Every structure is written in structure tokens, then in C-alpha cells.
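What follows is a set of notes on a single structure, which appears directly below.
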Amino acid sequence: MKPRLFRLAATTVAVTAVAIGLAAAPAQAAPGATPDAGPAATPTASPVATITDALARRLATDAGRTALFAAATGRDVTLSRLAASPALDGTLREANRAVRVAKGLPTDGADVLRLRLAHPDMRAALAKGVAPLVASVPSDDDTASVTAYDASGRTVFLDAARLPQRPVFVVDVDVSAALEMGLRVFRSTLDSHGITAATPSRATVQSGYWATQVRSVRLSNDHEPWVKGAAEIFGIAGGFGLDSKVKVDTVTMPYLDHDGTTYYPNQLIVHFSAYKYNLADYVMMEDDGDTNYQSLARAIATALLTIVDGGAYIPLVTAIIDAIPASWWSDDPDYVDSWYTMTTSSGGRFTGAAANGWMDLAPYWVAPL
């Protein structure tokens, strides 16, 4: 899913990886070319990718790996819920804690690291006794290769564009669980900076109001590597409240898993019940593993607090995007697309400003109870 944004200093988490016993010895190159081999690549890793890569190597060589693989063959599993050795249990606890820190989530929140089979078609090879590899999701969607590890800890480079014949288990973040926690952090951080939600008045609710409904939506196909799992998309709706202050609401879009697929959610994404103007903006974001929700909220709050209602609507999309420091951008940021100045009468197909997707919109009257 396109694209990813926030990058903390990789060296910070590299130190964390050493502290929790995940850092391994220098990788050995796989001897010879195999049908699964791809070109080696060493892009700058995100903090989360640094942790999951070290954990992938650890799991590939762990004495209890057979039981781990058996549990994850039929479904995605949360790693901390698997029976493992005391040493591995401790490693998993520290890895989960480090990932939560890197994502700006509560350190005592739910565990978010999981193990999954990269593709259902790999079950046949597992049933025949083919020894699997273990990989993690790379930082860069445009990478040419995926780094995996075999039972001896040896590095195997896989072609990112071609599904390997050998089965591969993937260590990554359960972005669905992370998004639920992350949006709570996002909301509370905005609130602490004075950027509140657009809460409708009792009178508005009792009289009814207009909203914007998404009849269908599609994001462009960017040919992500096979190692990627389903994305988690959320939206940021913004406008000016009745008090003339900027208001921001978050919208989850859990059905929007894959690019190149049209979805028909009939979802309400903008509620005009508490906006001063008949206008609002919508920014679509993605968490595919490494979004830092605290950093995102702080950057947005800092930018939006500088915007003053001068009696005419000011689009908020540009301020949100410009709020992101240049040093945080990589080849694939968490920003997906944006839609400027939606109104209560917006209807038809609207292509996003980044041309990465479109939404079929329709006015929707929310009748009073």
C-alpha cells in the first residue's frame, strides 16, 4: 500500500536491539544463486524494521521454531501468545516494548508483533516438508530484495517482485491492533494541544445535518512487494468549528486493504454538523508498520495552531503535509492522498490531489433520532 512516512533515527533503535539481545552477528551472504534469490539491497531501515529484522533472524534459528511455524501456518498469530522458551519470551516482550516506543504507543499497551505466512499458496510446500525462511517487512516499498534467514541464521535475499517458491514466514506489526491504539494516542495528543474534535451540538443532532458519504473508493496499484501484508488506512477530516478554531476528526477505513481494488463501503467520512463553513478537507493516511502516532499528531497540531480563521475558509491539507519535517520523508511516506474543500453538496467521482486514488462521494442527510 502506498506510501509510508515517519522515520526516526535508525541508530537509536539499533542500540535498543542490542540492549534486548536481538542484534546479531554480521550476515553471511547466501552462497550461489537460487531460484528465489534476488539482488542484495541495504536501504536505510526504519526503527520498526530494525527490530523486526533482528527478531526474524532470532526466530529462524530458535529451537522452538517448528512449533512457531505450525501455529502460524493456518492464521496470523500474535507472537507473545505462543508458548516459547523463557529466553524467547523475554526477547518478545522487549521487542514489543521497543516497537510500541518507536510507534509512539503506550509502553504498557497490547503486544503488536505477529508471525504470518507470506502467502497461502506456501502451505503446500510446508506440507511436503520444505524448510521455511523467516523474513521481516522492509522499510522501502521500492526495494529490489527481501532479506530472509534460514535455520542456520544465514541470510537469503529474495526477489521482492516475485513470490518465492520456498515458504516464508514474516515477522511484522499487526497494524490493525496498532491503529486502534495509535488513533487514541493521536486524538489525545491533539486534544492536549487544543485541537479538538468537531463535536455537534445537541440542537444540530436533534434537527439533522448533512454528511459526506463514500459510495466507492479505489487506490492506485503500486505493485508492492509480496512480503507486505494488508494495509490499515485512516482518514483525517478537518475544518473550522463553530468557535472559529480548527477541528480535526479521525476516520478508520479498515476495509481498504489493497491497492488496485474497488471497495463500496457507503461510509460517512465528514460530518458537517459542527463546522462553521460548508467546507472541509480530508487527508488519507496509512499505517503499514512504522507510523509514529505521537510524532504525527504533534506535527499536525503545531501546523494547525498557526492557522487563524479570517472569515473565509482556508484549506488545511497543505498545512498538514507541510508540517512534516523534510528529514522525516523517505521514498514511501504514510501520506496516501488528500481531498480539498469537500462540501455538503459534493457528489460524483473525486480524484485525490496526489492522484493516488479516487472516491465516489454523495451528500447524505443524517436524520434526527
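The chains in the C-alpha cells are called A, B, ... from first to last as shown; in each chain the residues are counted from 1, and the ligands are counted from 1 in the order shown.
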
Any chance you could tabulate, as JSON lines, the residues of stretch 126-201 of chain A at most 12 Å from stretch 289-302 of chain A with each one's nearest atom pair and distance in Å to one decimal, using only C-alpha atoms, in chain and rising number order?
```
{"residue": "A:Ser136", "atom": "CA", "partner": "A:Gly289", "partner_atom": "CA", "distance": 10.8}
{"residue": "A:Val137", "atom": "CA", "partner": "A:Gly289", "partner_atom": "CA", "distance": 8.5}
{"residue": "A:Pro138", "atom": "CA", "partner": "A:Gly289", "partner_atom": "CA", "distance": 9.9}
{"residue": "A:Ser139", "atom": "CA", "partner": "A:Asp290", "partner_atom": "CA", "distance": 8.4}
{"residue": "A:Asp140", "atom": "CA", "partner": "A:Asp290", "partner_atom": "CA", "distance": 11.1}
{"residue": "A:Asp141", "atom": "CA", "partner": "A:Gly289", "partner_atom": "CA", "distance": 11.9}
{"residue": "A:Val171", "atom": "CA", "partner": "A:Gly289", "partner_atom": "CA", "distance": 10.9}
{"residue": "A:Asp172", "atom": "CA", "partner": "A:Gly289", "partner_atom": "CA", "distance": 7.2}
{"residue": "A:Val173", "atom": "CA", "partner": "A:Gly289", "partner_atom": "CA", "distance": 5.4}
{"residue": "A:Asp174", "atom": "CA", "partner": "A:Gly289", "partner_atom": "CA", "distance": 7.6}
{"residue": "A:Val175", "atom": "CA", "partner": "A:Gly289", "partner_atom": "CA", "distance": 5.9}
{"residue": "A:Ser176", "atom": "CA", "partner": "A:Gly289", "partner_atom": "CA", "distance": 9.7}
{"residue": "A:Ala177", "atom": "CA", "partner": "A:Gly289", "partner_atom": "CA", "distance": 10.7}
{"residue": "A:Ala178", "atom": "CA", "partner": "A:Gly289", "partner_atom": "CA", "distance": 8.3}
{"residue": "A:Leu179", "atom": "CA", "partner": "A:Tyr293", "partner_atom": "CA", "distance": 8.9}
{"residue": "A:Glu180", "atom": "CA", "partner": "A:Tyr293", "partner_atom": "CA", "distance": 10.9}
{"residue": "A:Met181", "atom": "CA", "partner": "A:Tyr293", "partner_atom": "CA", "distance": 9.2}
{"residue": "A:Gly182", "atom": "CA", "partner": "A:Tyr293", "partner_atom": "CA", "distance": 5.6}
{"residue": "A:Leu183", "atom": "CA", "partner": "A:Tyr293", "partner_atom": "CA", "distance": 7.2}
{"residue": "A:Arg184", "atom": "CA", "partner": "A:Tyr293", "partner_atom": "CA", "distance": 9.0}
{"residue": "A:Val185", "atom": "CA", "partner": "A:Gln294", "partner_atom": "CA", "distance": 6.5}
{"residue": "A:Phe186", "atom": "CA", "partner": "A:Ala297", "partner_atom": "CA", "distance": 5.3}
{"residue": "A:Arg187", "atom": "CA", "partner": "A:Ala297", "partner_atom": "CA", "distance": 7.7}
{"residue": "A:Ser188", "atom": "CA", "partner": "A:Ala297", "partner_atom": "CA", "distance": 8.9}
{"residue": "A:Thr189", "atom": "CA", "partner": "A:Ala297", "partner_atom": "CA", "distance": 6.1}
{"residue": "A:Leu190", "atom": "CA", "partner": "A:Ala297", "partner_atom": "CA", "distance": 5.9}
{"residue": "A:Asp191", "atom": "CA", "partner": "A:Ala301", "partner_atom": "CA", "distance": 9.1}
{"residue": "A:Ser192", "atom": "CA", "partner": "A:Ala301", "partner_atom": "CA", "distance": 9.4}
{"residue": "A:His193", "atom": "CA", "partner": "A:Ala301", "partner_atom": "CA", "distance": 6.4}
{"residue": "A:Gly194", "atom": "CA", "partner": "A:Ala301", "partner_atom": "CA", "distance": 8.1}
{"residue": "A:Ile195", "atom": "CA", "partner": "A:Ala301", "partner_atom": "CA", "distance": 6.6}
{"residue": "A:Thr196", "atom": "CA", "partner": "A:Ala301", "partner_atom": "CA", "distance": 10.0}
```

Quick one: write out the picked residues with C-alpha atoms as a tab-separated table (two decimals), in the first residue's frame?
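Result file is again.tsv:
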```
chain	number	residue	atom	x	y	z
A	136	SER	CA	10.52	-9.11	8.02
A	137	VAL	CA	8.89	-6.29	6.07
A	138	PRO	CA	11.48	-3.92	4.58
A	139	SER	CA	11.31	-0.17	5.15
A	140	ASP	CA	11.19	0.68	1.47
A	141	ASP	CA	8.28	-0.41	-0.74
A	171	VAL	CA	7.55	-11.04	11.31
A	172	ASP	CA	5.70	-7.74	11.22
A	173	VAL	CA	3.41	-5.39	13.11
A	174	ASP	CA	-0.27	-6.20	13.49
A	175	VAL	CA	-1.26	-2.83	12.09
A	176	SER	CA	-4.93	-3.36	12.88
A	177	ALA	CA	-4.18	-3.58	16.61
A	178	ALA	CA	-1.61	-0.79	16.37
A	179	LEU	CA	-4.03	1.53	14.57
A	180	GLU	CA	-6.66	1.18	17.28
A	181	MET	CA	-4.17	2.20	19.95
A	182	GLY	CA	-2.50	4.74	17.70
A	183	LEU	CA	-5.62	6.73	16.93
A	184	ARG	CA	-6.34	7.02	20.65
A	185	VAL	CA	-2.83	8.44	21.10
A	186	PHE	CA	-3.35	10.68	18.08
A	187	ARG	CA	-6.62	12.02	19.47
A	188	SER	CA	-5.34	12.60	22.99
A	189	THR	CA	-2.20	14.33	21.67
A	190	LEU	CA	-4.26	16.69	19.51
A	191	ASP	CA	-6.57	17.40	22.46
A	192	SER	CA	-3.58	18.25	24.66
A	193	HIS	CA	-2.53	20.83	22.06
A	194	GLY	CA	-6.00	22.36	21.89
A	195	ILE	CA	-7.04	20.76	18.57
A	196	THR	CA	-10.36	19.19	19.47
```

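Residues surrounding A:Met359 within 8 Å are Val214, Arg215, Ser216, Val217, Arg218, Arg349, Phe350, Thr351 and Gly352 of chain A [only C-alpha atoms; sequence separation below 4 positions excluded].
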
* To do: Quick one: everything within 10 Å of A:Thr344, counting only C-alpha atoms, minus sequence neighbours fewer than 3 positions away in the same chain. Send it as number ranges by chain.
  => A: 209-213, 270-272, 277-280, 347, 362-365

As a PDB file with N, CA, C and O atoms, in the first residue's frame, list the residues of stretch 31-243 of chain A assigned to strand (DSSP E or B) by DSSP on the backbone atoms of this structure.
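File out.pdb, as written:
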```
ATOM      1  N   ALA A  37      16.535 -16.275  -5.259  1.00  0.00           N
ATOM      2  CA  ALA A  37      17.459 -15.202  -4.904  1.00  0.00           C
ATOM      3  C   ALA A  37      17.200 -13.949  -5.706  1.00  0.00           C
ATOM      4  O   ALA A  37      16.879 -13.998  -6.881  1.00  0.00           O
ATOM      5  N   VAL A  77      -0.583 -15.032  13.885  1.00  0.00           N
ATOM      6  CA  VAL A  77      -0.594 -15.210  15.335  1.00  0.00           C
ATOM      7  C   VAL A  77       0.213 -14.110  16.006  1.00  0.00           C
ATOM      8  O   VAL A  77       1.248 -13.668  15.490  1.00  0.00           O
ATOM      9  N   THR A  78      -0.277 -13.661  17.153  1.00  0.00           N
ATOM     10  CA  THR A  78       0.476 -12.715  17.967  1.00  0.00           C
ATOM     11  C   THR A  78       1.603 -13.469  18.649  1.00  0.00           C
ATOM     12  O   THR A  78       1.368 -14.457  19.355  1.00  0.00           O
ATOM     13  N   LEU A 113       3.437  -7.381  17.766  1.00  0.00           N
ATOM     14  CA  LEU A 113       4.249  -8.151  16.820  1.00  0.00           C
ATOM     15  C   LEU A 113       3.567  -9.491  16.523  1.00  0.00           C
ATOM     16  O   LEU A 113       3.089 -10.169  17.431  1.00  0.00           O
ATOM     17  N   ARG A 114       3.572  -9.869  15.263  1.00  0.00           N
ATOM     18  CA  ARG A 114       2.914 -11.114  14.870  1.00  0.00           C
ATOM     19  C   ARG A 114       3.808 -11.904  13.917  1.00  0.00           C
ATOM     20  O   ARG A 114       4.777 -11.385  13.359  1.00  0.00           O
ATOM     21  N   LEU A 115       3.418 -13.147  13.692  1.00  0.00           N
ATOM     22  CA  LEU A 115       4.067 -14.023  12.721  1.00  0.00           C
ATOM     23  C   LEU A 115       2.990 -14.524  11.778  1.00  0.00           C
ATOM     24  O   LEU A 115       1.925 -14.958  12.215  1.00  0.00           O
ATOM     25  N   ARG A 116       3.265 -14.439  10.473  1.00  0.00           N
ATOM     26  CA  ARG A 116       2.285 -14.880   9.475  1.00  0.00           C
ATOM     27  C   ARG A 116       3.000 -15.526   8.299  1.00  0.00           C
ATOM     28  O   ARG A 116       4.172 -15.253   8.023  1.00  0.00           O
ATOM     29  N   LEU A 117       2.284 -16.407   7.625  1.00  0.00           N
ATOM     30  CA  LEU A 117       2.789 -16.991   6.391  1.00  0.00           C
ATOM     31  C   LEU A 117       2.622 -15.962   5.292  1.00  0.00           C
ATOM     32  O   LEU A 117       1.566 -15.342   5.156  1.00  0.00           O
ATOM     33  N   LEU A 133      11.817 -20.116   5.410  1.00  0.00           N
ATOM     34  CA  LEU A 133      12.649 -18.990   5.793  1.00  0.00           C
ATOM     35  C   LEU A 133      11.821 -18.057   6.673  1.00  0.00           C
ATOM     36  O   LEU A 133      10.593 -18.152   6.721  1.00  0.00           O
ATOM     37  N   VAL A 134      12.498 -17.141   7.338  1.00  0.00           N
ATOM     38  CA  VAL A 134      11.811 -16.116   8.123  1.00  0.00           C
ATOM     39  C   VAL A 134      12.322 -14.748   7.673  1.00  0.00           C
ATOM     40  O   VAL A 134      13.530 -14.535   7.558  1.00  0.00           O
ATOM     41  N   ALA A 135      11.402 -13.839   7.392  1.00  0.00           N
ATOM     42  CA  ALA A 135      11.751 -12.505   6.912  1.00  0.00           C
ATOM     43  C   ALA A 135      10.961 -11.475   7.693  1.00  0.00           C
ATOM     44  O   ALA A 135      10.058 -11.800   8.473  1.00  0.00           O
ATOM     45  N   SER A 136      11.303 -10.212   7.484  1.00  0.00           N
ATOM     46  CA  SER A 136      10.515  -9.108   8.018  1.00  0.00           C
ATOM     47  C   SER A 136      10.199  -8.160   6.874  1.00  0.00           C
ATOM     48  O   SER A 136      10.768  -8.274   5.780  1.00  0.00           O
ATOM     49  N   SER A 145      14.895  -6.342  -3.124  1.00  0.00           N
ATOM     50  CA  SER A 145      15.035  -7.644  -2.481  1.00  0.00           C
ATOM     51  C   SER A 145      14.483  -7.626  -1.070  1.00  0.00           C
ATOM     52  O   SER A 145      14.350  -6.576  -0.442  1.00  0.00           O
ATOM     53  N   VAL A 146      14.161  -8.815  -0.584  1.00  0.00           N
ATOM     54  CA  VAL A 146      13.676  -9.021   0.771  1.00  0.00           C
ATOM     55  C   VAL A 146      14.697  -9.885   1.492  1.00  0.00           C
ATOM     56  O   VAL A 146      15.114 -10.940   0.973  1.00  0.00           O
ATOM     57  N   THR A 147      15.122  -9.466   2.676  1.00  0.00           N
ATOM     58  CA  THR A 147      16.098 -10.223   3.451  1.00  0.00           C
ATOM     59  C   THR A 147      15.387 -11.258   4.302  1.00  0.00           C
ATOM     60  O   THR A 147      14.488 -10.933   5.074  1.00  0.00           O
ATOM     61  N   ALA A 148      15.792 -12.521   4.144  1.00  0.00           N
ATOM     62  CA  ALA A 148      15.229 -13.618   4.918  1.00  0.00           C
ATOM     63  C   ALA A 148      16.362 -14.419   5.546  1.00  0.00           C
ATOM     64  O   ALA A 148      17.537 -14.259   5.187  1.00  0.00           O
ATOM     65  N   TYR A 149      16.021 -15.304   6.499  1.00  0.00           N
ATOM     66  CA  TYR A 149      17.016 -16.098   7.214  1.00  0.00           C
ATOM     67  C   TYR A 149      16.584 -17.552   7.257  1.00  0.00           C
ATOM     68  O   TYR A 149      15.388 -17.871   7.385  1.00  0.00           O
ATOM     69  N   THR A 155      21.803 -15.505   5.729  1.00  0.00           N
ATOM     70  CA  THR A 155      20.969 -14.553   5.001  1.00  0.00           C
ATOM     71  C   THR A 155      20.673 -15.062   3.601  1.00  0.00           C
ATOM     72  O   THR A 155      21.564 -15.528   2.896  1.00  0.00           O
ATOM     73  N   VAL A 156      19.410 -14.952   3.222  1.00  0.00           N
ATOM     74  CA  VAL A 156      18.977 -15.291   1.869  1.00  0.00           C
ATOM     75  C   VAL A 156      18.240 -14.087   1.309  1.00  0.00           C
ATOM     76  O   VAL A 156      17.302 -13.581   1.939  1.00  0.00           O
ATOM     77  N   PHE A 157      18.652 -13.608   0.147  1.00  0.00           N
ATOM     78  CA  PHE A 157      17.996 -12.464  -0.473  1.00  0.00           C
ATOM     79  C   PHE A 157      16.959 -12.965  -1.479  1.00  0.00           C
ATOM     80  O   PHE A 157      17.289 -13.733  -2.390  1.00  0.00           O
ATOM     81  N   LEU A 158      15.724 -12.514  -1.308  1.00  0.00           N
ATOM     82  CA  LEU A 158      14.611 -12.938  -2.158  1.00  0.00           C
ATOM     83  C   LEU A 158      14.175 -11.791  -3.055  1.00  0.00           C
ATOM     84  O   LEU A 158      14.193 -10.626  -2.644  1.00  0.00           O
ATOM     85  N   ASP A 159      13.775 -12.130  -4.249  1.00  0.00           N
ATOM     86  CA  ASP A 159      13.278 -11.137  -5.196  1.00  0.00           C
ATOM     87  C   ASP A 159      11.979 -10.542  -4.659  1.00  0.00           C
ATOM     88  O   ASP A 159      11.005 -11.258  -4.411  1.00  0.00           O
ATOM     89  N   VAL A 168       7.852 -18.784   3.269  1.00  0.00           N
ATOM     90  CA  VAL A 168       8.449 -17.715   4.065  1.00  0.00           C
ATOM     91  C   VAL A 168       7.449 -17.274   5.129  1.00  0.00           C
ATOM     92  O   VAL A 168       6.288 -16.972   4.820  1.00  0.00           O
ATOM     93  N   PHE A 169       7.907 -17.256   6.371  1.00  0.00           N
ATOM     94  CA  PHE A 169       7.123 -16.660   7.443  1.00  0.00           C
ATOM     95  C   PHE A 169       7.613 -15.231   7.646  1.00  0.00           C
ATOM     96  O   PHE A 169       8.815 -14.948   7.535  1.00  0.00           O
ATOM     97  N   VAL A 170       6.690 -14.336   7.952  1.00  0.00           N
ATOM     98  CA  VAL A 170       7.009 -12.915   8.056  1.00  0.00           C
ATOM     99  C   VAL A 170       6.739 -12.418   9.473  1.00  0.00           C
ATOM    100  O   VAL A 170       5.668 -12.652  10.040  1.00  0.00           O
ATOM    101  N   VAL A 171       7.715 -11.737  10.035  1.00  0.00           N
ATOM    102  CA  VAL A 171       7.553 -11.037  11.314  1.00  0.00           C
ATOM    103  C   VAL A 171       7.207  -9.590  10.996  1.00  0.00           C
ATOM    104  O   VAL A 171       7.954  -8.901  10.306  1.00  0.00           O
ATOM    105  N   ASP A 172       6.063  -9.137  11.464  1.00  0.00           N
ATOM    106  CA  ASP A 172       5.704  -7.740  11.225  1.00  0.00           C
ATOM    107  C   ASP A 172       4.770  -7.244  12.311  1.00  0.00           C
ATOM    108  O   ASP A 172       4.481  -7.947  13.283  1.00  0.00           O
ATOM    109  N   VAL A 173       4.310  -6.010  12.145  1.00  0.00           N
ATOM    110  CA  VAL A 173       3.413  -5.386  13.109  1.00  0.00           C
ATOM    111  C   VAL A 173       1.964  -5.682  12.729  1.00  0.00           C
ATOM    112  O   VAL A 173       1.586  -5.578  11.558  1.00  0.00           O
ATOM    113  N   TYR A 209     -28.490  16.755  10.042  1.00  0.00           N
ATOM    114  CA  TYR A 209     -27.404  17.503   9.407  1.00  0.00           C
ATOM    115  C   TYR A 209     -26.908  16.745   8.177  1.00  0.00           C
ATOM    116  O   TYR A 209     -27.220  15.570   7.970  1.00  0.00           O
ATOM    117  N   TRP A 210     -26.068  17.424   7.382  1.00  0.00           N
ATOM    118  CA  TRP A 210     -25.503  16.833   6.175  1.00  0.00           C
ATOM    119  C   TRP A 210     -24.134  16.228   6.454  1.00  0.00           C
ATOM    120  O   TRP A 210     -23.371  16.737   7.273  1.00  0.00           O
ATOM    121  N   ALA A 211     -23.838  15.137   5.769  1.00  0.00           N
ATOM    122  CA  ALA A 211     -22.535  14.481   5.849  1.00  0.00           C
ATOM    123  C   ALA A 211     -22.101  14.100   4.438  1.00  0.00           C
ATOM    124  O   ALA A 211     -22.891  14.166   3.486  1.00  0.00           O
ATOM    125  N   THR A 212     -20.857  13.725   4.308  1.00  0.00           N
ATOM    126  CA  THR A 212     -20.337  13.235   3.035  1.00  0.00           C
ATOM    127  C   THR A 212     -20.146  11.728   3.123  1.00  0.00           C
ATOM    128  O   THR A 212     -19.485  11.232   4.042  1.00  0.00           O
ATOM    129  N   GLN A 213     -20.729  11.021   2.165  1.00  0.00           N
ATOM    130  CA  GLN A 213     -20.668   9.557   2.144  1.00  0.00           C
ATOM    131  C   GLN A 213     -19.748   9.073   1.027  1.00  0.00           C
ATOM    132  O   GLN A 213     -19.784   9.589  -0.092  1.00  0.00           O
ATOM    133  N   VAL A 214     -18.919   8.076   1.353  1.00  0.00           N
ATOM    134  CA  VAL A 214     -18.090   7.421   0.336  1.00  0.00           C
ATOM    135  C   VAL A 214     -18.865   6.225  -0.193  1.00  0.00           C
ATOM    136  O   VAL A 214     -19.060   5.234   0.519  1.00  0.00           O
ATOM    137  N   ARG A 215     -19.312   6.307  -1.442  1.00  0.00           N
ATOM    138  CA  ARG A 215     -20.022   5.188  -2.059  1.00  0.00           C
ATOM    139  C   ARG A 215     -19.021   4.113  -2.511  1.00  0.00           C
ATOM    140  O   ARG A 215     -19.271   2.922  -2.348  1.00  0.00           O
ATOM    141  N   SER A 216     -17.914   4.545  -3.095  1.00  0.00           N
ATOM    142  CA  SER A 216     -16.860   3.615  -3.512  1.00  0.00           C
ATOM    143  C   SER A 216     -15.529   4.340  -3.474  1.00  0.00           C
ATOM    144  O   SER A 216     -15.464   5.566  -3.555  1.00  0.00           O
ATOM    145  N   VAL A 217     -14.446   3.558  -3.377  1.00  0.00           N
ATOM    146  CA  VAL A 217     -13.114   4.138  -3.270  1.00  0.00           C
ATOM    147  C   VAL A 217     -12.105   3.154  -3.836  1.00  0.00           C
ATOM    148  O   VAL A 217     -12.267   1.931  -3.717  1.00  0.00           O
ATOM    149  N   ARG A 218     -11.069   3.688  -4.464  1.00  0.00           N
ATOM    150  CA  ARG A 218     -10.019   2.854  -5.048  1.00  0.00           C
ATOM    151  C   ARG A 218      -8.694   3.600  -4.990  1.00  0.00           C
ATOM    152  O   ARG A 218      -8.634   4.790  -5.321  1.00  0.00           O
ATOM    153  N   LEU A 219      -7.646   2.905  -4.563  1.00  0.00           N
ATOM    154  CA  LEU A 219      -6.304   3.456  -4.554  1.00  0.00           C
ATOM    155  C   LEU A 219      -5.486   2.805  -5.665  1.00  0.00           C
ATOM    156  O   LEU A 219      -5.734   1.657  -6.032  1.00  0.00           O
ATOM    157  N   GLU A 232      -3.495  -0.670   6.728  1.00  0.00           N
ATOM    158  CA  GLU A 232      -4.553  -0.084   7.555  1.00  0.00           C
ATOM    159  C   GLU A 232      -4.631   1.399   7.217  1.00  0.00           C
ATOM    160  O   GLU A 232      -3.688   2.156   7.455  1.00  0.00           O
ATOM    161  N   ILE A 233      -5.757   1.799   6.648  1.00  0.00           N
ATOM    162  CA  ILE A 233      -5.951   3.168   6.200  1.00  0.00           C
ATOM    163  C   ILE A 233      -6.834   3.917   7.199  1.00  0.00           C
ATOM    164  O   ILE A 233      -7.812   3.373   7.720  1.00  0.00           O
ATOM    165  N   PHE A 234      -6.479   5.162   7.450  1.00  0.00           N
ATOM    166  CA  PHE A 234      -7.345   6.023   8.253  1.00  0.00           C
ATOM    167  C   PHE A 234      -7.360   7.411   7.628  1.00  0.00           C
ATOM    168  O   PHE A 234      -6.482   7.765   6.834  1.00  0.00           O
ATOM    169  N   GLY A 235      -8.373   8.166   7.959  1.00  0.00           N
ATOM    170  CA  GLY A 235      -8.514   9.494   7.402  1.00  0.00           C
ATOM    171  C   GLY A 235      -8.505  10.560   8.478  1.00  0.00           C
ATOM    172  O   GLY A 235      -8.836  10.308   9.643  1.00  0.00           O
ATOM    173  N   ILE A 236      -8.078  11.761   8.084  1.00  0.00           N
ATOM    174  CA  ILE A 236      -8.107  12.926   8.956  1.00  0.00           C
ATOM    175  C   ILE A 236      -9.001  13.958   8.301  1.00  0.00           C
ATOM    176  O   ILE A 236      -8.683  14.474   7.227  1.00  0.00           O
ATOM    177  N   ALA A 237     -10.147  14.227   8.914  1.00  0.00           N
ATOM    178  CA  ALA A 237     -11.084  15.227   8.398  1.00  0.00           C
ATOM    179  C   ALA A 237     -10.908  16.508   9.206  1.00  0.00           C
ATOM    180  O   ALA A 237     -10.864  16.473  10.439  1.00  0.00           O
ATOM    181  N   GLY A 238     -10.779  17.641   8.518  1.00  0.00           N
ATOM    182  CA  GLY A 238     -10.531  18.891   9.213  1.00  0.00           C
ATOM    183  C   GLY A 238     -11.328  20.050   8.660  1.00  0.00           C
ATOM    184  O   GLY A 238     -11.647  20.091   7.470  1.00  0.00           O
ATOM    185  N   GLY A 239     -11.651  20.980   9.525  1.00  0.00           N
ATOM    186  CA  GLY A 239     -12.363  22.190   9.137  1.00  0.00           C
ATOM    187  C   GLY A 239     -12.378  23.154  10.310  1.00  0.00           C
ATOM    188  O   GLY A 239     -11.699  22.938  11.319  1.00  0.00           O
ATOM    189  N   PHE A 240     -13.144  24.222  10.173  1.00  0.00           N
ATOM    190  CA  PHE A 240     -13.262  25.204  11.243  1.00  0.00           C
ATOM    191  C   PHE A 240     -14.554  24.963  12.017  1.00  0.00           C
ATOM    192  O   PHE A 240     -15.634  24.840  11.429  1.00  0.00           O
ATOM    193  N   GLY A 241     -14.438  24.902  13.341  1.00  0.00           N
ATOM    194  CA  GLY A 241     -15.602  24.692  14.178  1.00  0.00           C
ATOM    195  C   GLY A 241     -16.428  25.951  14.327  1.00  0.00           C
ATOM    196  O   GLY A 241     -16.068  27.037  13.841  1.00  0.00           O
TER     197      GLY A 241
END
```
